[in-house]
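Here is entry-v4.txt, consisting of compact mmCIF, C-alpha atoms and all ligand atoms:
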# COMPACT_ATOMS: atom_id res chain seq x y z
CA MET A 1 -8.53 9.24 6.20
CA ARG A 2 -7.88 8.78 9.91
CA ALA A 3 -4.86 6.74 11.02
CA ARG A 4 -5.68 3.14 11.87
CA ARG A 5 -2.35 1.84 13.11
CA ALA A 6 -3.59 -0.43 15.92
CA LEU A 7 -7.07 -1.92 15.76
CA LEU A 8 -7.77 -3.43 19.18
CA TYR A 9 -10.38 -6.17 19.51
CA THR A 10 -12.27 -6.37 22.68
CA PRO A 11 -14.92 -9.03 23.27
CA GLY A 12 -18.30 -7.30 23.09
CA ASP A 13 -19.75 -9.18 26.05
CA ASP A 14 -17.01 -8.02 28.45
CA LEU A 15 -17.71 -4.52 29.75
CA HIS A 16 -14.60 -4.62 31.92
CA LYS A 17 -12.37 -5.09 28.86
CA ILE A 18 -14.15 -2.33 26.93
CA GLN A 19 -13.70 0.00 29.92
CA LYS A 20 -10.03 -0.89 29.87
CA ALA A 21 -9.77 -0.49 26.08
CA VAL A 22 -10.92 3.15 26.17
CA THR A 23 -7.97 4.05 28.42
CA LEU A 24 -5.29 2.73 26.04
CA ASP A 25 -5.08 5.51 23.41
CA ALA A 26 -5.66 2.97 20.64
CA ASP A 27 -6.44 4.36 17.18
CA CYS A 28 -9.38 1.93 16.88
CA ILE A 29 -11.38 -0.12 19.36
CA CYS A 30 -13.33 -2.91 17.73
CA MET A 31 -16.03 -4.30 19.99
CA ASP A 32 -16.58 -7.82 18.77
CA ILE A 33 -19.76 -9.87 18.38
CA GLU A 34 -18.09 -12.50 16.15
CA ASP A 35 -15.45 -15.05 17.04
CA GLY A 36 -14.30 -13.45 20.28
CA VAL A 37 -17.77 -14.09 21.75
CA ALA A 38 -19.28 -17.50 22.59
CA LEU A 39 -22.45 -18.43 20.72
CA ASN A 40 -24.56 -18.30 23.87
CA ARG A 41 -23.21 -14.82 24.74
CA LYS A 42 -24.12 -13.02 21.49
CA PRO A 43 -27.25 -11.36 22.98
CA GLN A 44 -25.19 -10.19 25.95
CA ALA A 45 -22.52 -8.78 23.62
CA ARG A 46 -25.09 -6.75 21.68
CA GLN A 47 -26.44 -5.29 24.91
CA VAL A 48 -23.02 -4.50 26.41
CA ILE A 49 -21.88 -2.79 23.20
CA LEU A 50 -24.97 -0.54 23.20
CA GLN A 51 -24.27 0.31 26.83
CA ALA A 52 -20.59 1.05 26.11
CA LEU A 53 -21.48 3.29 23.17
CA ALA A 54 -23.96 5.17 25.34
CA GLU A 55 -21.90 5.52 28.49
CA LEU A 56 -18.16 5.40 27.82
CA ASP A 57 -15.88 8.17 26.63
CA PHE A 58 -13.72 6.59 23.92
CA GLY A 59 -11.48 9.65 23.68
CA ARG A 60 -9.84 9.78 20.30
CA SER A 61 -10.31 6.04 19.65
CA GLU A 62 -12.51 5.07 16.74
CA ARG A 63 -15.60 3.19 17.91
CA LEU A 64 -16.02 0.10 15.74
CA VAL A 65 -18.36 -2.87 16.04
CA ARG A 66 -17.57 -6.22 14.40
CA LEU A 67 -20.70 -8.01 13.25
CA ASN A 68 -21.06 -11.72 12.67
CA ALA A 69 -20.39 -12.84 9.11
CA LEU A 70 -23.03 -12.14 6.48
CA GLY A 71 -24.89 -15.41 5.94
CA SER A 72 -24.10 -16.70 9.43
CA GLY A 73 -27.72 -16.18 10.44
CA LEU A 74 -26.60 -13.90 13.27
CA GLU A 75 -25.98 -10.69 11.35
CA ALA A 76 -29.64 -9.60 11.23
CA ASP A 77 -29.83 -9.61 15.03
CA ASP A 78 -26.52 -7.70 15.20
CA LEU A 79 -27.80 -4.99 12.85
CA ASN A 80 -31.16 -4.90 14.56
CA ALA A 81 -29.58 -4.39 17.97
CA LEU A 82 -27.47 -1.51 16.67
CA PHE A 83 -29.93 0.23 14.36
CA GLY A 84 -33.37 -1.33 14.87
CA GLY A 85 -34.50 0.55 17.97
CA GLN A 86 -36.30 3.86 18.30
CA THR A 87 -33.04 5.62 19.10
CA ALA A 88 -29.47 4.66 18.39
CA ILE A 89 -25.99 5.81 19.25
CA ARG A 90 -23.82 5.96 16.21
CA PRO A 91 -20.60 3.94 16.23
CA ASP A 92 -17.91 5.34 13.93
CA GLY A 93 -17.84 2.27 11.78
CA ILE A 94 -18.68 -1.37 11.22
CA VAL A 95 -16.30 -4.26 10.66
CA VAL A 96 -17.60 -7.21 8.63
CA PRO A 97 -15.65 -10.49 8.86
CA LYS A 98 -15.17 -13.21 6.21
CA VAL A 99 -16.28 -11.10 3.25
CA GLY A 100 -16.23 -13.21 0.10
CA SER A 101 -17.90 -11.12 -2.60
CA ALA A 102 -18.55 -7.58 -3.80
CA ASP A 103 -22.31 -8.20 -3.38
CA GLN A 104 -21.80 -8.60 0.36
CA VAL A 105 -19.98 -5.26 0.49
CA ARG A 106 -22.80 -3.54 -1.39
CA TRP A 107 -25.44 -5.26 0.77
CA ILE A 108 -23.95 -4.12 4.07
CA SER A 109 -23.30 -0.63 2.73
CA ALA A 110 -26.99 -0.37 1.76
CA GLN A 111 -28.01 -1.48 5.28
CA LEU A 112 -25.80 1.22 6.76
CA ALA A 113 -27.29 3.80 4.39
CA VAL A 114 -30.77 2.86 5.64
CA ALA A 115 -29.66 3.35 9.25
CA GLU A 116 -28.11 6.72 8.40
CA ALA A 117 -31.31 7.90 6.74
CA ARG A 118 -33.45 6.62 9.61
CA PHE A 119 -31.54 8.44 12.33
CA GLY A 120 -30.64 11.56 10.33
CA TRP A 121 -26.93 10.81 10.31
CA GLN A 122 -24.88 12.17 7.45
CA PRO A 123 -24.81 9.80 4.44
CA GLY A 124 -21.55 7.87 4.60
CA ALA A 125 -21.05 8.70 8.29
CA LEU A 126 -20.70 5.00 9.15
CA ALA A 127 -17.30 3.80 7.95
CA LEU A 128 -17.11 0.31 6.50
CA ILE A 129 -14.13 -1.95 7.11
CA ILE A 130 -14.09 -5.53 5.89
CA GLN A 131 -12.03 -8.60 6.61
CA VAL A 132 -10.59 -10.76 3.89
CA GLU A 133 -9.82 -14.12 5.43
CA THR A 134 -11.24 -16.76 3.10
CA ALA A 135 -10.14 -18.22 -0.23
CA ALA A 136 -13.19 -16.62 -1.89
CA GLY A 137 -12.35 -13.25 -0.40
CA LEU A 138 -8.80 -13.53 -1.65
CA VAL A 139 -9.68 -14.42 -5.24
CA ASN A 140 -12.38 -11.72 -5.35
CA LEU A 141 -10.20 -8.97 -3.86
CA ARG A 142 -10.37 -6.77 -6.94
CA GLU A 143 -14.19 -6.69 -7.06
CA ILE A 144 -14.47 -6.45 -3.27
CA CYS A 145 -12.05 -3.51 -2.96
CA SER A 146 -13.78 -1.54 -5.71
CA ALA A 147 -17.37 -2.42 -4.70
CA ASP A 148 -18.46 0.62 -2.70
CA PRO A 149 -17.16 4.10 -1.82
CA ARG A 150 -18.05 3.57 1.85
CA LEU A 151 -15.25 1.01 2.16
CA GLN A 152 -12.18 2.50 3.87
CA ALA A 153 -9.97 -0.40 4.94
CA VAL A 154 -9.34 -4.10 4.37
CA ILE A 155 -8.23 -6.27 7.25
CA PHE A 156 -6.26 -9.44 6.53
CA GLY A 157 -7.21 -12.40 8.76
CA ALA A 158 -4.52 -15.08 8.82
CA GLU A 159 -5.99 -17.65 11.17
CA ASP A 160 -9.24 -18.07 9.27
CA LEU A 161 -7.50 -17.99 5.90
CA VAL A 162 -5.12 -20.85 6.68
CA ASN A 163 -8.08 -22.98 7.73
CA ASP A 164 -9.97 -22.15 4.57
CA ILE A 165 -7.12 -22.93 2.19
CA GLY A 166 -5.84 -25.99 4.05
CA ALA A 167 -2.55 -24.44 5.19
CA THR A 168 -0.99 -24.53 8.65
CA ARG A 169 0.35 -21.54 10.55
CA SER A 170 4.12 -21.50 10.96
CA ALA A 171 6.63 -19.18 12.60
CA ALA A 172 8.09 -18.13 9.25
CA GLY A 173 4.63 -17.38 7.85
CA TRP A 174 5.18 -18.37 4.20
CA GLU A 175 1.65 -19.78 4.14
CA VAL A 176 0.23 -16.24 4.34
CA PHE A 177 2.81 -14.18 2.42
CA TYR A 178 0.96 -14.33 -0.88
CA ALA A 179 -2.30 -13.30 0.78
CA ARG A 180 -0.68 -10.46 2.72
CA GLY A 181 0.89 -9.09 -0.45
CA ALA A 182 -2.35 -9.47 -2.40
CA VAL A 183 -4.33 -7.56 0.24
CA VAL A 184 -1.77 -4.73 0.30
CA ALA A 185 -1.68 -4.42 -3.50
CA HIS A 186 -5.46 -4.42 -3.93
CA ALA A 187 -5.98 -1.98 -1.08
CA ALA A 188 -3.38 0.37 -2.57
CA ALA A 189 -4.90 0.10 -6.04
CA TYR A 190 -8.27 1.29 -4.72
CA GLY A 191 -7.07 3.84 -2.15
CA LEU A 192 -7.92 1.74 0.92
CA GLN A 193 -6.00 1.13 4.12
CA ALA A 194 -4.60 -2.38 4.68
CA ILE A 195 -4.55 -3.78 8.21
CA ASP A 196 -2.31 -6.75 8.94
CA MET A 197 -2.92 -10.01 10.82
CA VAL A 198 -3.04 -10.56 14.59
CA TYR A 199 0.11 -11.63 16.42
CA VAL A 200 -1.56 -14.20 18.69
CA ASN A 201 1.47 -14.86 20.91
CA PHE A 202 0.64 -11.81 23.03
CA ARG A 203 3.26 -12.49 25.72
CA ASP A 204 6.11 -12.08 23.19
CA PRO A 205 6.84 -8.35 22.68
CA GLU A 206 9.93 -8.89 20.49
CA GLY A 207 8.05 -11.15 18.10
CA LEU A 208 5.20 -8.66 17.96
CA SER A 209 7.42 -5.71 17.10
CA ALA A 210 9.28 -7.70 14.45
CA GLU A 211 6.06 -8.81 12.78
CA ALA A 212 4.56 -5.29 12.99
CA LEU A 213 7.65 -3.79 11.32
CA GLN A 214 7.54 -6.47 8.66
CA GLY A 215 3.89 -5.59 8.00
CA ALA A 216 4.77 -1.91 7.68
CA GLN A 217 7.57 -2.82 5.24
CA LEU A 218 5.12 -4.88 3.18
CA GLY A 219 2.91 -1.82 2.85
CA PHE A 220 0.28 -2.38 5.52
CA THR A 221 -0.92 0.79 7.25
CA GLY A 222 -1.86 -0.89 10.53
CA LYS A 223 -2.26 -4.14 12.43
CA GLN A 224 -4.94 -5.89 14.46
CA VAL A 225 -4.17 -6.37 18.15
CA ILE A 226 -5.85 -8.42 20.85
CA HIS A 227 -4.22 -7.36 24.11
CA PRO A 228 -3.51 -4.00 25.80
CA SER A 229 0.25 -4.63 25.76
CA GLN A 230 0.21 -4.78 21.95
CA VAL A 231 -1.29 -1.32 21.32
CA ALA A 232 1.69 0.99 21.89
CA PRO A 233 4.35 -1.14 20.12
CA VAL A 234 2.14 -1.57 17.07
CA GLN A 235 1.28 2.13 16.87
CA GLN A 236 4.98 2.87 17.09
CA ALA A 237 5.85 0.39 14.34
CA PHE A 238 3.43 2.16 11.99
CA THR A 239 4.68 5.64 12.88
CA PRO A 240 7.73 7.02 11.04
CA SER A 241 10.49 7.69 13.58
CA PRO A 242 11.76 11.29 13.94
CA GLU A 243 15.01 10.10 12.28
CA ALA A 244 13.12 8.64 9.33
CA ALA A 245 11.09 11.84 8.93
CA ALA A 246 14.23 14.01 9.12
CA HIS A 247 15.99 11.85 6.53
CA ALA A 248 12.94 12.02 4.25
CA GLN A 249 13.02 15.81 4.48
CA ARG A 250 16.73 15.83 3.54
CA VAL A 251 16.01 13.66 0.50
CA ILE A 252 13.28 16.01 -0.66
CA ASP A 253 15.41 19.13 -0.09
CA ALA A 254 18.34 17.62 -1.99
CA PHE A 255 16.01 16.54 -4.78
CA GLU A 256 14.70 20.06 -5.22
CA THR A 257 18.22 21.50 -5.36
CA HIS A 258 19.35 18.93 -7.94
CA GLN A 259 16.15 19.23 -9.93
CA ALA A 260 16.74 23.00 -10.25
CA GLN A 261 20.22 22.17 -11.57
CA GLY A 262 18.72 19.87 -14.17
CA ARG A 263 19.70 16.57 -12.53
CA GLY A 264 17.05 13.84 -11.97
CA ALA A 265 19.31 11.32 -10.22
CA PHE A 266 22.00 12.18 -7.69
CA GLU A 267 23.94 10.80 -4.74
CA LEU A 268 23.09 11.30 -1.07
CA ASP A 269 25.06 9.56 1.73
CA GLY A 270 26.56 7.12 -0.78
CA LYS A 271 23.19 6.08 -2.24
CA MET A 272 21.48 6.89 -5.51
CA VAL A 273 18.35 9.03 -5.23
CA ASP A 274 15.87 9.27 -8.08
CA ALA A 275 12.09 9.68 -8.50
CA PRO A 276 10.84 6.56 -6.62
CA VAL A 277 13.16 7.28 -3.69
CA VAL A 278 11.79 10.82 -3.53
CA LYS A 279 8.22 9.49 -3.67
CA ALA A 280 8.99 7.12 -0.80
CA ALA A 281 10.32 10.06 1.21
CA GLN A 282 7.13 12.01 0.49
CA ARG A 283 5.08 9.03 1.71
CA VAL A 284 7.07 8.92 4.96
CA LEU A 285 6.36 12.62 5.55
CA GLU A 286 2.67 12.17 4.71
CA ARG A 287 2.39 9.28 7.19
CA ALA A 288 4.17 11.32 9.86
CA GLN A 289 1.68 14.12 9.19
CA VAL A 290 -1.42 11.89 9.46
CA VAL A 291 -0.15 10.43 12.71
CA LYS A 292 0.54 13.89 14.15
CA GLY A 293 -3.14 14.62 13.70
CA VAL A 294 -4.27 11.76 15.97
N1 LIG A 301 -9.19 -5.39 25.41
C1 LIG A 301 -9.27 -4.73 26.57
N2 LIG A 301 -8.76 -5.20 27.73
C2 LIG A 301 -8.11 -6.37 27.68
C3 LIG A 301 -7.98 -7.11 26.49
C4 LIG A 301 -8.55 -6.58 25.32
N3 LIG A 301 -8.48 -7.23 24.15
N4 LIG A 301 -7.29 -8.23 26.76
C5 LIG A 301 -6.99 -8.22 28.06
N5 LIG A 301 -7.50 -7.11 28.64
C6 LIG A 301 -7.38 -6.68 30.04
C7 LIG A 301 -7.77 -7.79 30.99
O1 LIG A 301 -9.15 -7.75 31.28
C8 LIG A 301 -6.93 -7.45 32.18
O2 LIG A 301 -7.56 -6.39 32.89
P1 LIG A 301 -7.42 -6.27 34.48
O3 LIG A 301 -5.96 -6.21 34.78
O4 LIG A 301 -8.15 -5.01 34.81
O5 LIG A 301 -8.09 -7.49 35.01
C9 LIG A 301 -5.66 -6.89 31.59
O6 LIG A 301 -6.03 -6.41 30.29
C10 LIG A 301 -4.54 -7.90 31.45
O7 LIG A 301 -5.01 -9.01 30.72
P2 LIG A 301 -4.35 -10.43 30.86
O8 LIG A 301 -4.66 -11.01 32.20
O9 LIG A 301 -2.94 -10.33 30.48
O10 LIG A 301 -5.07 -11.27 29.74
P3 LIG A 301 -6.45 -12.08 29.88
O11 LIG A 301 -6.11 -13.47 30.31
O12 LIG A 301 -7.43 -11.32 30.69
O13 LIG A 301 -6.97 -12.10 28.40
C11 LIG A 301 -7.23 -12.78 26.14
C12 LIG A 301 -6.30 -12.77 27.36
C13 LIG A 301 -6.48 -13.30 24.94
C14 LIG A 301 -8.43 -13.68 26.44
C15 LIG A 301 -7.70 -11.31 25.90
O14 LIG A 301 -6.56 -10.55 25.64
C16 LIG A 301 -8.74 -11.12 24.84
O15 LIG A 301 -9.91 -11.37 25.07
N6 LIG A 301 -8.36 -10.61 23.66
C17 LIG A 301 -9.27 -10.29 22.59
C18 LIG A 301 -9.77 -11.56 21.94
C19 LIG A 301 -10.66 -11.26 20.76
O16 LIG A 301 -11.40 -10.30 20.74
N7 LIG A 301 -10.57 -12.12 19.71
C20 LIG A 301 -11.32 -11.92 18.52
C21 LIG A 301 -10.58 -11.10 17.51
S1 LIG A 301 -9.14 -11.87 16.88
MG MG A 302 -11.46 -14.11 11.70

Would you mind writing the file's structure down as structure tokens?
Amino acid sequence: MRARRALLYTPGDDLHKIQKAVTLDADCICMDIEDGVALNRKPQARQVILQALAELDFGRSERLVRLNALGSGLEADDLNALFGGQTAIRPDGIVVPKVGSADQVRWISAQLAVAEARFGWQPGALALIIQVETAAGLVNLREICSADPRLQAVIFGAEDLVNDIGATRSAAGWEVFYARGAVVAHAAAYGLQAIDMVYVNFRDPEGLSAEALQGAQLGFTGKQVIHPSQVAPVQQAFTPSPEAAAHAQRVIDAFETHQAQGRGAFELDGKMVDAPVVKAAQRVLERAQVVKGV
């Protein structure tokens, strides 16, 4: 699966911002029709996104479109704008916010399959990414994450979740720690990527880097961002450093030597190394490898 370290939102009705977004070397650009766009600008957003898909070179960035929530009454027009015309330009994937049930995942996947058949795109060509950011989404994570093979990643939305469960955002973030851990565990169980919450205080680079590193430590594979200045630091936080990769290689080399000598656990730099430590080192090298490919 492609690396999705930074997923940059850009309001779909703002061509200037989309033009800027394509210059930033972001792993993913998510052109939004949902909450980043005013209600009376939704038609404009649909038009501008079509224009951007047709005219702009996104480079290596994944071209994503975030629809309005299923059941909002706006999603049919979103889908119709993208896939209802005589011709269409294929985005790389679709992001669906506020997913609460496995049925919604299967419904949207079926809609995407219809579009693929209609335009002769390869079945499964349209990636599906969903957002879990409601109490229902959280308690149905298991069914949601295993609902459909098209699903590639789960995004955790903190701001909507705290509203839905009656919590309040705080600097420490205890109100979302359970949800963050639950998203990571369910995504891992079903082979999906997990993309962490937005750091809304976009003029605070230290806070951003700290929260991005914390997300990576929790097991997230990427993070949502909302401003150009957040792209590079977040992509760095989700990339193993050269030192980390070199250390991981040493662990694996030492493991192989000791394994050949019949020893499962051994000491390296004053620390015990056994199977889970070796697995962690392999994961670091795998992540470094995926990122090299981008
Ligand atoms: N994508 C692309 N370009 C962006 C951007 C984004 N998300 N956010 C800001 N920019 C551009 C601005 O247009 C500006 O470009 P310019 O210098 O050519 O004029 C430049 O980056 C610097 O922006 P800045 O002036 O610091 O911020 P702003 O006041 O223009 O915008 C926000 C602040 C928060 C409104 C803006 O970052 C934004 O719209 N973010 C995305 C919001 C969103 O999509 N929310 C829904 C998902 S959570
Ligand atoms: Mg949201």

Would you give me, as JSON lines, each residue of chain A having an atom within 7 Å of an atom of ligand LIG 301 (chain A), along with its shortest atom pair and that distance in Å to one decimal, using all atoms listed in the file and sorting by chain and residue number?
{"residue": "A:Leu8", "atom": "CA", "partner": "A:LIG301", "partner_atom": "N3", "distance": 6.3}
{"residue": "A:Tyr9", "atom": "CA", "partner": "A:LIG301", "partner_atom": "O16", "distance": 4.4}
{"residue": "A:Thr10", "atom": "CA", "partner": "A:LIG301", "partner_atom": "N3", "distance": 4.2}
{"residue": "A:Pro11", "atom": "CA", "partner": "A:LIG301", "partner_atom": "O16", "distance": 4.5}
{"residue": "A:His16", "atom": "CA", "partner": "A:LIG301", "partner_atom": "O1", "distance": 6.3}
{"residue": "A:Lys17", "atom": "CA", "partner": "A:LIG301", "partner_atom": "N2", "distance": 3.8}
{"residue": "A:Ile18", "atom": "CA", "partner": "A:LIG301", "partner_atom": "C1", "distance": 5.5}
{"residue": "A:Lys20", "atom": "CA", "partner": "A:LIG301", "partner_atom": "N2", "distance": 5.0}
{"residue": "A:Ala21", "atom": "CA", "partner": "A:LIG301", "partner_atom": "C1", "distance": 4.3}
{"residue": "A:Asp32", "atom": "CA", "partner": "A:LIG301", "partner_atom": "O16", "distance": 6.1}
{"residue": "A:Asp35", "atom": "CA", "partner": "A:LIG301", "partner_atom": "C20", "distance": 5.4}
{"residue": "A:Gly36", "atom": "CA", "partner": "A:LIG301", "partner_atom": "C20", "distance": 3.8}
{"residue": "A:Val198", "atom": "CA", "partner": "A:LIG301", "partner_atom": "S1", "distance": 6.6}
{"residue": "A:Ile226", "atom": "CA", "partner": "A:LIG301", "partner_atom": "C17", "distance": 4.3}
{"residue": "A:His227", "atom": "CA", "partner": "A:LIG301", "partner_atom": "N4", "distance": 4.1}
{"residue": "A:Pro228", "atom": "CA", "partner": "A:LIG301", "partner_atom": "C3", "distance": 5.5}

To check your reading of the model: which residues sit at most 12 Å from ligand MG 302 (chain A) when counting only C-alpha atoms and all ligand atoms? Write the answer as a compact mmCIF listing (two decimals) with C-alpha atoms, in the frame of the given file.
# COMPACT_ATOMS: atom_id res chain seq x y z
CA TYR A 9 -10.38 -6.17 19.51
CA ASP A 32 -16.58 -7.82 18.77
CA ILE A 33 -19.76 -9.87 18.38
CA GLU A 34 -18.09 -12.50 16.15
CA ASP A 35 -15.45 -15.05 17.04
CA GLY A 36 -14.30 -13.45 20.28
CA VAL A 37 -17.77 -14.09 21.75
CA ARG A 66 -17.57 -6.22 14.40
CA LEU A 67 -20.70 -8.01 13.25
CA ASN A 68 -21.06 -11.72 12.67
CA ALA A 69 -20.39 -12.84 9.11
CA VAL A 95 -16.30 -4.26 10.66
CA VAL A 96 -17.60 -7.21 8.63
CA PRO A 97 -15.65 -10.49 8.86
CA LYS A 98 -15.17 -13.21 6.21
CA VAL A 99 -16.28 -11.10 3.25
CA ILE A 130 -14.09 -5.53 5.89
CA GLN A 131 -12.03 -8.60 6.61
CA VAL A 132 -10.59 -10.76 3.89
CA GLU A 133 -9.82 -14.12 5.43
CA THR A 134 -11.24 -16.76 3.10
CA ILE A 155 -8.23 -6.27 7.25
CA PHE A 156 -6.26 -9.44 6.53
CA GLY A 157 -7.21 -12.40 8.76
CA ALA A 158 -4.52 -15.08 8.82
CA GLU A 159 -5.99 -17.65 11.17
CA ASP A 160 -9.24 -18.07 9.27
CA LEU A 161 -7.50 -17.99 5.90
CA VAL A 162 -5.12 -20.85 6.68
CA ASN A 163 -8.08 -22.98 7.73
CA ASP A 164 -9.97 -22.15 4.57
CA MET A 197 -2.92 -10.01 10.82
CA VAL A 198 -3.04 -10.56 14.59
CA GLN A 224 -4.94 -5.89 14.46

>> List the spatial neighbours of A:Asp103 as an MDAnalysis selection string - criterion: any atom at most 10 Å away, all atoms listed in the file, same-chain residues fewer than 3 positions off excluded.
In response: chainID A and resid 99:100 106:109 143:144 147:148

>> I need the residue nearest A:Gln289 from this list: A:Ala245, A:Ala260, A:Ala172, A:Ile29. Use all atoms listed in the file for the distance.
In response: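 Among A:Ala245, A:Ala260, A:Ala172, A:Ile29, it is A:Ala245 that comes nearest to A:Gln289.
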
> So which residues touch A:Ala52 within 10 Å, counting all atoms listed in the file, skipping near sequence neighbours fewer than 4 positions away, as a list in words?
Replying inline: Gly12, Leu15, Ile18, Gln19, Val22, Met31, Gln47, Val48, Leu56, Asp57, Phe58, Arg63 and Ile89 of chain A

>> What's the separation between atom CA of A:Pro242 and atom CA of A:Gln259, in Å to one decimal place?
In response: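 Going from atom CA of A:Pro242 over to atom CA of A:Gln259, I get 25.5 Å.
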
>> So that I can see what lies close to A:Arg287, please list as a ChimeraX atom specification the residues with an atom at most 12 Å from it, counting only C-alpha atoms and leaving out residues fewer than 4 positions away in the same chain.
In response: /A:1-5,216,219-222,237-242,244-245,248,280-283,291-294

Neighbour residues at most 9 Å from (-26.0, -0.2, 9.1) (all atoms listed in the file) as a CSV table (one decimal) with C-alpha atoms, in the frame of the given file:
chain,number,residue,atom,x,y,z
A,79,LEU,CA,-27.8,-5.0,12.8
A,80,ASN,CA,-31.2,-4.9,14.6
A,82,LEU,CA,-27.5,-1.5,16.7
A,83,PHE,CA,-29.9,0.2,14.4
A,93,GLY,CA,-17.8,2.3,11.8
A,94,ILE,CA,-18.7,-1.4,11.2
A,108,ILE,CA,-24.0,-4.1,4.1
A,109,SER,CA,-23.3,-0.6,2.7
A,110,ALA,CA,-27.0,-0.4,1.8
A,111,GLN,CA,-28.0,-1.5,5.3
A,112,LEU,CA,-25.8,1.2,6.8
A,113,ALA,CA,-27.3,3.8,4.4
A,114,VAL,CA,-30.8,2.9,5.6
A,115,ALA,CA,-29.7,3.4,9.2
A,116,GLU,CA,-28.1,6.7,8.4
A,126,LEU,CA,-20.7,5.0,9.2

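Atom pair atom CA of A:Val231 / atom CA of A:Val284: separated by 21.0 Å.
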
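Counting only C-alpha atoms and comparing A:Val251, A:Ile129, A:Ala38, A:Leu213, the residue that lies closest to A:Pro233 is A:Leu213.
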